[in-house]
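**Student:** Okay, so here is target_28.cif, and as you'll see once you scroll down, it has mmCIF, C-alpha atoms.
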data_target
#
loop_
_atom_site.group_PDB
_atom_site.id
_atom_site.type_symbol
_atom_site.label_atom_id
_atom_site.label_comp_id
_atom_site.auth_asym_id
_atom_site.auth_seq_id
_atom_site.Cartn_x
_atom_site.Cartn_y
_atom_site.Cartn_z
ATOM 1 C CA MET A 1 17.729 -32.036 13.102
ATOM 2 C CA GLY A 2 19.653 -30.334 10.330
ATOM 3 C CA GLY A 3 22.006 -32.085 7.939
ATOM 4 C CA ASP A 4 25.693 -31.950 7.132
ATOM 5 C CA SER A 5 27.851 -32.156 4.082
ATOM 6 C CA GLU A 6 27.567 -35.399 2.175
ATOM 7 C CA ALA A 7 31.210 -35.248 1.119
ATOM 8 C CA GLU A 8 32.154 -38.183 3.341
ATOM 9 C CA ALA A 9 29.643 -40.389 1.475
ATOM 10 C CA PRO A 10 28.868 -42.723 4.389
ATOM 11 C CA PRO A 11 27.456 -46.181 3.687
ATOM 12 C CA SER A 12 23.691 -46.597 3.929
ATOM 13 C CA GLN A 13 24.103 -49.214 6.638
ATOM 14 C CA VAL A 14 26.861 -50.437 8.916
ATOM 15 C CA PHE A 15 27.210 -52.681 11.972
ATOM 16 C CA ALA A 16 28.495 -51.240 15.243
ATOM 17 C CA ASN A 17 28.966 -52.222 18.876
ATOM 18 C CA VAL A 18 27.026 -50.238 21.482
ATOM 19 C CA VAL A 19 29.481 -48.992 24.117
ATOM 20 C CA ASP A 20 27.184 -46.674 26.097
ATOM 21 C CA VAL A 21 23.529 -45.628 26.396
ATOM 22 C CA ILE A 22 23.210 -41.867 26.901
ATOM 23 C CA ASP A 23 19.424 -41.644 27.240
ATOM 24 C CA GLY A 24 16.264 -42.974 25.644
ATOM 25 C CA ASP A 25 17.139 -41.895 22.106
ATOM 26 C CA THR A 26 20.928 -41.521 22.078
ATOM 27 C CA ILE A 27 23.742 -44.064 22.249
ATOM 28 C CA GLU A 28 27.489 -44.285 21.704
ATOM 29 C CA VAL A 29 28.872 -46.925 19.369
ATOM 30 C CA ALA A 30 32.231 -48.173 18.194
ATOM 31 C CA ILE A 31 32.705 -48.227 14.421
ATOM 32 C CA ASP A 32 36.073 -49.323 13.007
ATOM 33 C CA GLY A 33 37.868 -48.354 16.200
ATOM 34 C CA ALA A 34 36.231 -44.914 16.461
ATOM 35 C CA THR A 35 33.495 -43.871 18.904
ATOM 36 C CA GLU A 36 30.444 -42.075 17.528
ATOM 37 C CA THR A 37 27.328 -40.652 19.167
ATOM 38 C CA VAL A 38 24.136 -41.827 17.444
ATOM 39 C CA ARG A 39 20.801 -39.999 17.667
ATOM 40 C CA TYR A 40 17.830 -42.218 16.849
ATOM 41 C CA ILE A 41 15.741 -41.001 13.898
ATOM 42 C CA GLY A 42 12.007 -40.510 14.146
ATOM 43 C CA ILE A 43 11.462 -40.485 17.897
ATOM 44 C CA ASP A 44 11.960 -38.273 20.911
ATOM 45 C CA THR A 45 12.171 -39.337 24.549
ATOM 46 C CA PRO A 46 11.938 -37.085 27.615
ATOM 47 C CA GLU A 47 15.059 -35.246 28.724
ATOM 48 C CA ILE A 48 16.796 -36.204 31.971
ATOM 49 C CA GLY A 49 14.689 -35.043 34.905
ATOM 50 C CA GLN A 50 11.450 -35.030 32.946
ATOM 51 C CA ARG A 51 8.555 -37.445 33.355
ATOM 52 C CA CYS A 52 9.349 -40.896 31.911
ATOM 53 C CA ALA A 53 13.007 -40.064 31.146
ATOM 54 C CA ALA A 54 14.462 -42.670 33.509
ATOM 55 C CA GLU A 55 12.127 -45.378 32.205
ATOM 56 C CA ALA A 56 12.974 -44.598 28.575
ATOM 57 C CA THR A 57 16.702 -44.635 29.261
ATOM 58 C CA GLU A 58 16.497 -47.911 31.167
ATOM 59 C CA ALA A 59 14.455 -49.555 28.417
ATOM 60 C CA ASN A 60 16.929 -48.400 25.797
ATOM 61 C CA ARG A 61 19.748 -49.786 27.929
ATOM 62 C CA ARG A 62 18.016 -53.154 28.307
ATOM 63 C CA ILE A 63 17.498 -53.410 24.564
ATOM 64 C CA VAL A 64 20.847 -52.324 23.109
ATOM 65 C CA SER A 65 23.524 -52.111 25.827
ATOM 66 C CA GLY A 66 26.545 -54.189 24.792
ATOM 67 C CA GLN A 67 24.808 -55.352 21.611
ATOM 68 C CA ARG A 68 25.966 -55.340 18.024
ATOM 69 C CA VAL A 69 23.450 -53.294 16.100
ATOM 70 C CA MET A 70 22.887 -52.310 12.496
ATOM 71 C CA LEU A 71 22.794 -48.570 11.800
ATOM 72 C CA VAL A 72 20.823 -47.373 8.779
ATOM 73 C CA ARG A 73 20.851 -43.783 7.579
ATOM 74 C CA ASP A 74 18.045 -41.804 5.998
ATOM 75 C CA MET A 75 18.555 -38.658 3.916
ATOM 76 C CA GLU A 76 20.764 -36.725 6.342
ATOM 77 C CA ASN A 77 23.959 -38.083 7.870
ATOM 78 C CA ARG A 78 24.444 -35.883 10.964
ATOM 79 C CA ASP A 79 22.507 -33.381 13.036
ATOM 80 C CA ILE A 80 23.618 -29.919 14.118
ATOM 81 C CA TYR A 81 25.382 -31.446 17.131
ATOM 82 C CA ASP A 82 27.495 -33.667 14.829
ATOM 83 C CA ARG A 83 25.731 -36.818 15.999
ATOM 84 C CA LEU A 84 25.080 -39.564 13.477
ATOM 85 C CA LEU A 85 21.394 -39.764 12.562
ATOM 86 C CA ARG A 86 20.458 -43.427 12.263
ATOM 87 C CA TYR A 87 17.715 -45.987 12.482
ATOM 88 C CA VAL A 88 18.977 -48.662 14.862
ATOM 89 C CA TYR A 89 18.184 -52.324 14.277
ATOM 90 C CA LEU A 90 18.762 -55.245 16.628
ATOM 91 C CA ASP A 91 18.091 -58.744 15.286
ATOM 92 C CA GLY A 92 16.107 -57.233 12.429
ATOM 93 C CA GLU A 93 13.808 -55.155 14.673
ATOM 94 C CA LEU A 94 13.710 -51.362 14.648
ATOM 95 C CA VAL A 95 14.653 -50.153 18.129
ATOM 96 C CA GLU A 96 12.898 -46.804 17.659
ATOM 97 C CA LEU A 97 9.633 -48.619 16.949
ATOM 98 C CA LYS A 98 9.977 -50.813 20.039
ATOM 99 C CA LEU A 99 10.447 -47.805 22.307
ATOM 100 C CA VAL A 100 7.334 -46.175 20.849
ATOM 101 C CA GLU A 101 5.342 -49.401 21.230
ATOM 102 C CA PHE A 102 6.393 -49.502 24.901
ATOM 103 C CA GLY A 103 4.928 -46.010 25.369
ATOM 104 C CA LEU A 104 8.341 -44.544 26.156
ATOM 105 C CA ALA A 105 8.960 -42.391 23.063
ATOM 106 C CA ARG A 106 6.946 -39.975 20.946
ATOM 107 C CA PRO A 107 7.124 -39.610 17.166
ATOM 108 C CA LEU A 108 9.470 -36.868 15.972
ATOM 109 C CA LYS A 109 8.876 -36.307 12.261
ATOM 110 C CA ILE A 110 11.537 -34.046 10.800
ATOM 111 C CA PHE A 111 11.941 -33.799 7.042
ATOM 112 C CA PRO A 112 13.638 -35.180 5.077
ATOM 113 C CA ASN A 113 14.277 -38.142 7.432
ATOM 114 C CA VAL A 114 10.788 -39.648 7.351
ATOM 115 C CA THR A 115 11.192 -43.198 5.994
ATOM 116 C CA HIS A 116 9.505 -44.832 9.006
ATOM 117 C CA SER A 117 7.389 -41.907 10.212
ATOM 118 C CA ASP A 118 4.022 -43.478 9.364
ATOM 119 C CA GLU A 119 4.610 -46.739 11.230
ATOM 120 C CA ILE A 120 6.111 -44.881 14.201
ATOM 121 C CA ALA A 121 3.084 -42.572 14.346
ATOM 122 C CA GLU A 122 0.709 -45.539 14.185
ATOM 123 C CA ALA A 123 2.570 -47.297 17.013
ATOM 124 C CA ALA A 124 2.309 -44.149 19.129
ATOM 125 C CA ARG A 125 -1.437 -43.894 18.524
ATOM 126 C CA THR A 126 -1.873 -47.492 19.628
ATOM 127 C CA ALA A 127 0.270 -47.072 22.738
ATOM 128 C CA LYS A 128 -1.569 -43.935 23.793
ATOM 129 C CA ALA A 129 -5.016 -45.381 23.084
ATOM 130 C CA ASN A 130 -4.197 -48.356 25.304
ATOM 131 C CA GLY A 131 -2.438 -46.314 27.995
ATOM 132 C CA ILE A 132 0.830 -48.214 27.497
ATOM 133 C CA GLY A 133 3.937 -46.679 29.042
ATOM 134 C CA CYS A 134 4.506 -43.679 31.276
ATOM 135 C CA LEU A 135 4.308 -40.814 28.762
ATOM 136 C CA TRP A 136 0.590 -40.420 29.096
ATOM 137 C CA ASP A 137 -1.214 -38.976 32.092
ATOM 138 C CA PRO A 138 -3.795 -41.652 33.055
ATOM 139 C CA GLU A 139 -6.224 -39.044 34.392
ATOM 140 C CA LEU A 140 -6.098 -37.050 31.148
ATOM 141 C CA LEU A 141 -6.631 -40.215 29.101
ATOM 142 C CA ALA A 142 -9.627 -41.162 31.239
ATOM 143 C CA GLU A 143 -11.069 -37.664 30.900
ATOM 144 C CA ALA A 144 -10.598 -37.720 27.115
ATOM 145 C CA ARG A 145 -12.494 -41.017 26.930
ATOM 146 C CA ARG A 146 -15.242 -39.602 29.155
ATOM 147 C CA LEU A 147 -15.647 -36.491 27.002
ATOM 148 C CA LYS A 148 -15.744 -38.584 23.850
ATOM 149 C CA SER A 149 -18.467 -40.802 25.288
ATOM 150 C CA LEU A 150 -20.546 -37.773 26.329
ATOM 151 C CA ALA A 151 -19.990 -35.740 23.189
ATOM 152 C CA THR A 152 -23.094 -34.490 21.402
ATOM 153 C CA PRO A 153 -23.099 -33.132 17.879
ATOM 154 C CA THR A 154 -22.212 -29.474 17.602
ATOM 155 C CA PRO A 155 -23.652 -27.638 14.593
ATOM 156 C CA THR A 156 -21.131 -26.838 11.925
ATOM 157 C CA PRO A 157 -20.881 -23.047 11.716
ATOM 158 C CA SER A 158 -22.954 -21.441 9.000
ATOM 159 C CA GLU A 159 -19.991 -19.176 8.193
ATOM 160 C CA ARG A 160 -16.371 -20.164 7.896
ATOM 161 C CA ILE A 161 -13.777 -20.647 10.574
ATOM 162 C CA VAL A 162 -10.591 -19.330 9.045
ATOM 163 C CA VAL A 163 -6.910 -19.588 9.831
ATOM 164 C CA GLU A 164 -5.623 -16.080 10.453
ATOM 165 C CA LYS A 165 -2.027 -17.112 11.128
ATOM 166 C CA MET A 166 -0.069 -20.359 11.148
ATOM 167 C CA ASN A 167 3.292 -19.641 12.787
ATOM 168 C CA TYR A 168 4.760 -23.096 12.231
ATOM 169 C CA ASN A 169 8.408 -21.968 12.269
ATOM 170 C CA ALA A 170 9.251 -20.502 15.668
ATOM 171 C CA ALA A 171 12.122 -18.076 16.046
ATOM 172 C CA GLY A 172 15.443 -19.854 16.586
ATOM 173 C CA ASP A 173 15.366 -23.546 17.448
ATOM 174 C CA ASP A 174 11.702 -24.630 17.484
ATOM 175 C CA ARG A 175 12.408 -27.064 20.304
ATOM 176 C CA ASN A 176 13.544 -24.242 22.586
ATOM 177 C CA ASN A 177 10.765 -21.809 21.679
ATOM 178 C CA LEU A 178 7.602 -23.902 21.680
ATOM 179 C CA ASN A 179 5.210 -21.063 22.469
ATOM 180 C CA ASP A 180 6.313 -19.174 19.367
ATOM 181 C CA GLU A 181 4.889 -22.073 17.358
ATOM 182 C CA TYR A 182 1.166 -21.336 17.226
ATOM 183 C CA LEU A 183 -1.956 -20.976 15.134
ATOM 184 C CA THR A 184 -4.704 -18.364 15.316
ATOM 185 C CA LEU A 185 -8.263 -19.048 14.147
ATOM 186 C CA ILE A 186 -11.194 -16.627 13.744
ATOM 187 C CA ASN A 187 -14.815 -17.661 14.173
ATOM 188 C CA LEU A 188 -16.823 -15.969 11.422
ATOM 189 C CA GLY A 189 -19.966 -17.935 12.233
ATOM 190 C CA PRO A 190 -22.322 -18.001 15.228
ATOM 191 C CA ASP A 191 -21.237 -18.417 18.851
ATOM 192 C CA LEU A 192 -19.976 -21.959 19.455
ATOM 193 C CA GLN A 193 -19.559 -24.219 22.455
ATOM 194 C CA ILE A 194 -16.310 -26.026 21.554
ATOM 195 C CA GLU A 195 -15.819 -28.412 24.481
ATOM 196 C CA GLY A 196 -14.446 -31.618 22.955
ATOM 197 C CA TRP A 197 -13.372 -29.959 19.708
ATOM 198 C CA THR A 198 -9.953 -31.029 18.473
ATOM 199 C CA VAL A 199 -6.985 -29.739 16.549
ATOM 200 C CA SER A 200 -4.803 -32.443 15.000
ATOM 201 C CA ASP A 201 -1.886 -32.784 12.614
ATOM 202 C CA ALA A 202 -1.047 -35.399 9.979
ATOM 203 C CA SER A 203 0.819 -37.500 12.575
ATOM 204 C CA ASP A 204 -2.327 -37.729 14.720
ATOM 205 C CA ASN A 205 -1.098 -35.447 17.476
ATOM 206 C CA VAL A 206 -4.361 -34.201 18.989
ATOM 207 C CA TYR A 207 -5.281 -31.251 21.180
ATOM 208 C CA ARG A 208 -8.767 -31.313 22.765
ATOM 209 C CA PHE A 209 -10.445 -28.143 24.001
ATOM 210 C CA GLY A 210 -12.134 -27.945 27.366
ATOM 211 C CA LYS A 211 -15.309 -26.018 28.050
ATOM 212 C CA TYR A 212 -15.196 -22.731 26.150
ATOM 213 C CA GLU A 213 -17.640 -20.438 24.359
ATOM 214 C CA TRP A 214 -16.106 -19.191 21.124
ATOM 215 C CA ARG A 215 -17.983 -16.033 20.242
ATOM 216 C CA THR A 216 -18.516 -14.864 16.719
ATOM 217 C CA GLY A 217 -15.792 -12.610 15.318
ATOM 218 C CA THR A 218 -13.255 -13.529 18.024
ATOM 219 C CA ARG A 219 -9.819 -15.076 17.757
ATOM 220 C CA LEU A 220 -8.609 -18.309 19.281
ATOM 221 C CA THR A 221 -4.875 -19.010 19.587
ATOM 222 C CA LEU A 222 -3.306 -22.408 20.273
ATOM 223 C CA ARG A 223 0.362 -22.406 21.291
ATOM 224 C CA THR A 224 2.451 -25.578 21.263
ATOM 225 C CA GLY A 225 4.171 -25.113 24.630
ATOM 226 C CA SER A 226 2.868 -24.657 28.179
ATOM 227 C CA GLY A 227 0.972 -21.917 29.940
ATOM 228 C CA VAL A 228 -2.321 -21.035 31.581
ATOM 229 C CA ALA A 229 -5.281 -20.873 29.198
ATOM 230 C CA ARG A 230 -7.061 -17.535 29.316
ATOM 231 C CA GLY A 231 -8.599 -14.951 27.024
ATOM 232 C CA GLY A 232 -8.891 -17.298 24.058
ATOM 233 C CA VAL A 233 -5.250 -18.429 24.252
ATOM 234 C CA PHE A 234 -4.727 -22.166 24.764
ATOM 235 C CA TYR A 235 -1.611 -24.310 25.252
ATOM 236 C CA TRP A 236 -0.980 -27.750 23.783
ATOM 237 C CA LYS A 237 1.562 -28.473 26.565
ATOM 238 C CA SER A 238 3.678 -30.507 24.159
ATOM 239 C CA GLU A 239 7.332 -31.073 24.989
ATOM 240 C CA THR A 240 8.297 -31.110 21.306
ATOM 241 C CA PRO A 241 7.270 -29.111 18.213
ATOM 242 C CA ILE A 242 3.992 -30.158 16.583
ATOM 243 C CA TRP A 243 3.949 -28.404 13.213
ATOM 244 C CA ASN A 244 6.476 -29.441 10.586
ATOM 245 C CA ASN A 245 8.347 -26.535 9.040
ATOM 246 C CA ALA A 246 8.409 -28.220 5.633
ATOM 247 C CA GLY A 247 4.637 -28.595 5.401
ATOM 248 C CA GLU A 248 1.706 -30.022 7.314
ATOM 249 C CA THR A 249 -2.056 -30.542 7.395
ATOM 250 C CA LEU A 250 -4.143 -29.063 10.215
ATOM 251 C CA THR A 251 -7.576 -30.513 10.909
ATOM 252 C CA LEU A 252 -10.199 -28.930 13.162
ATOM 253 C CA GLY A 253 -12.863 -31.366 14.347
ATOM 254 C CA ASP A 254 -16.061 -30.792 16.312
ATOM 255 C CA GLY A 255 -15.564 -33.698 18.754
ATOM 256 C CA SER A 256 -18.214 -35.862 17.108
ATOM 257 C CA GLY A 257 -16.211 -37.048 14.159
ATOM 258 C CA ASN A 258 -17.145 -34.134 11.903
ATOM 259 C CA THR A 259 -14.412 -32.164 10.161
ATOM 260 C CA VAL A 260 -14.935 -28.414 10.415
ATOM 261 C CA LEU A 261 -11.743 -27.197 8.758
ATOM 262 C CA VAL A 262 -8.769 -28.641 6.884
ATOM 263 C CA TYR A 263 -5.809 -26.323 6.350
ATOM 264 C CA VAL A 264 -2.663 -27.277 4.422
ATOM 265 C CA TYR A 265 0.512 -25.245 4.465
ATOM 266 C CA PRO A 266 2.503 -23.962 2.812
ATOM 267 C CA ASN A 267 -0.141 -22.970 0.334
#
Could you take the file, read its structure, and then write that structure out as structure tokens?
**Tutor:**
Amino acid sequence: MGGDSEAEAPPSQVFANVVDVIDGDTIEVAIDGATETVRYIGIDTPEIGQRCAAEATEANRRIVSGQRVMLVRDMENRDIYDRLLRYVYLDGELVELKLVEFGLARPLKIFPNVTHSDEIAEAARTAKANGIGCLWDPELLAEARRLKSLATPTPTPSERIVVEKMNYNAAGDDRNNLNDEYLTLINLGPDLQIEGWTVSDASDNVYRFGKYEWRTGTRLTLRTGSGVARGGVFYWKSETPIWNNAGETLTLGDGSGNTVLVYVYPN
């Protein structure tokens, strides 16, 4: 999100009246006679025209439209678009958390504004596991449950699987260049059937591989954005960046609860 100068020394919290709801994670408020645009911290909702965008915007409108809310800052005051970055509270409840619990917003963990990132991530895991909200594709959720129930142990490779490259900082704005955020792994062990294997981050974002034979000595690349999987290149199909530029933990699992690789960067 990017910060601004702290010269204005804003208060850590202030009350404001909501005058307009822009979308699922952005509102306009009146503070001391001035109108400010506020971007919610810690979450991201679909953009207008995308799946679940209308539902997220409507839910946000039902919660805060015309209300007097408390705005609480984290480490940074504004983003690169000069919007105030704030946690928004109504009657003591965190609005960001409610939207995630409703299955209408995903966690967006951007350092250094991470005060509530753990509880937001946990709420998202619960919503997704229970199929709450419209963010999740019901068919994909059902298939993930089916694969998990059918999973059989896959031998841990006798040689290492290594991270060849972790390109966690895409060129330009990560959000506009998702396929330049990627990781490349090399299988230095025997041939592996990796259907059901997973790649996950510290916020419990999970990518699950379909049927694929990973031959010894070959590379496997996982890109954050969208595309057609072929030739050992896979796509997370995420609408937001996965890997934090400030540091992250990558975990490769074999689909049966066994950890094959843990990689921490920067290292």
**Student:** At a cut-off of 8 Å from (-9.4, -33.8, 19.0) in the coordinates of the file, what residues are picked up using all atoms listed in the file, written as number ranges by chain?
**Tutor:** A: 196-200, 206-209, 252-255
**Student:** What is the distance between atom CA of A:Tyr168 and atom CA of A:Leu183, in Å to one decimal?
**Tutor:** 7.6 Å
**Student:** Please expand the PyMOL selection byres ((chain A and resi 191) around 7) into the concrete residues it hits in this file, giving the result as a list in words.
**Tutor:** Gly189, Pro190, Leu192, Glu213, Trp214, Arg215 and Thr216 of chain A
**Student:** Around (13.5, -36.1, 7.4) in the file's frame, which residues reach within 12 Å when counting all atoms listed in the file? Return as an MDAnalysis selection string?
**Tutor:** chainID A and resid 1:3 41:43 73:79 85:87 108:117 244:247
**Student:** Mind telling me what the PyMOL selection byres ((chain A and resi 67) around 10) catches here, as a ChimeraX atom specification?
**Tutor:** /A:16-19,29,61-66,68-70,90-91
**Student:** Can you work out which one of A:Trp243, A:Trp136, A:Tyr40, A:Tyr89 has the shortest atom-to-atom distance to A:Asp180, counting only C-alpha atoms?
**Tutor:**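 Answer, going by the shortest atom-to-atom distance: A:Trp243.
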**Student:** May I ask for the distance between atom CA of A:Ala171 and atom CA of A:Pro46, given in Å to one decimal place?
**Tutor:**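 These two atoms are separated by 22.3 Å.
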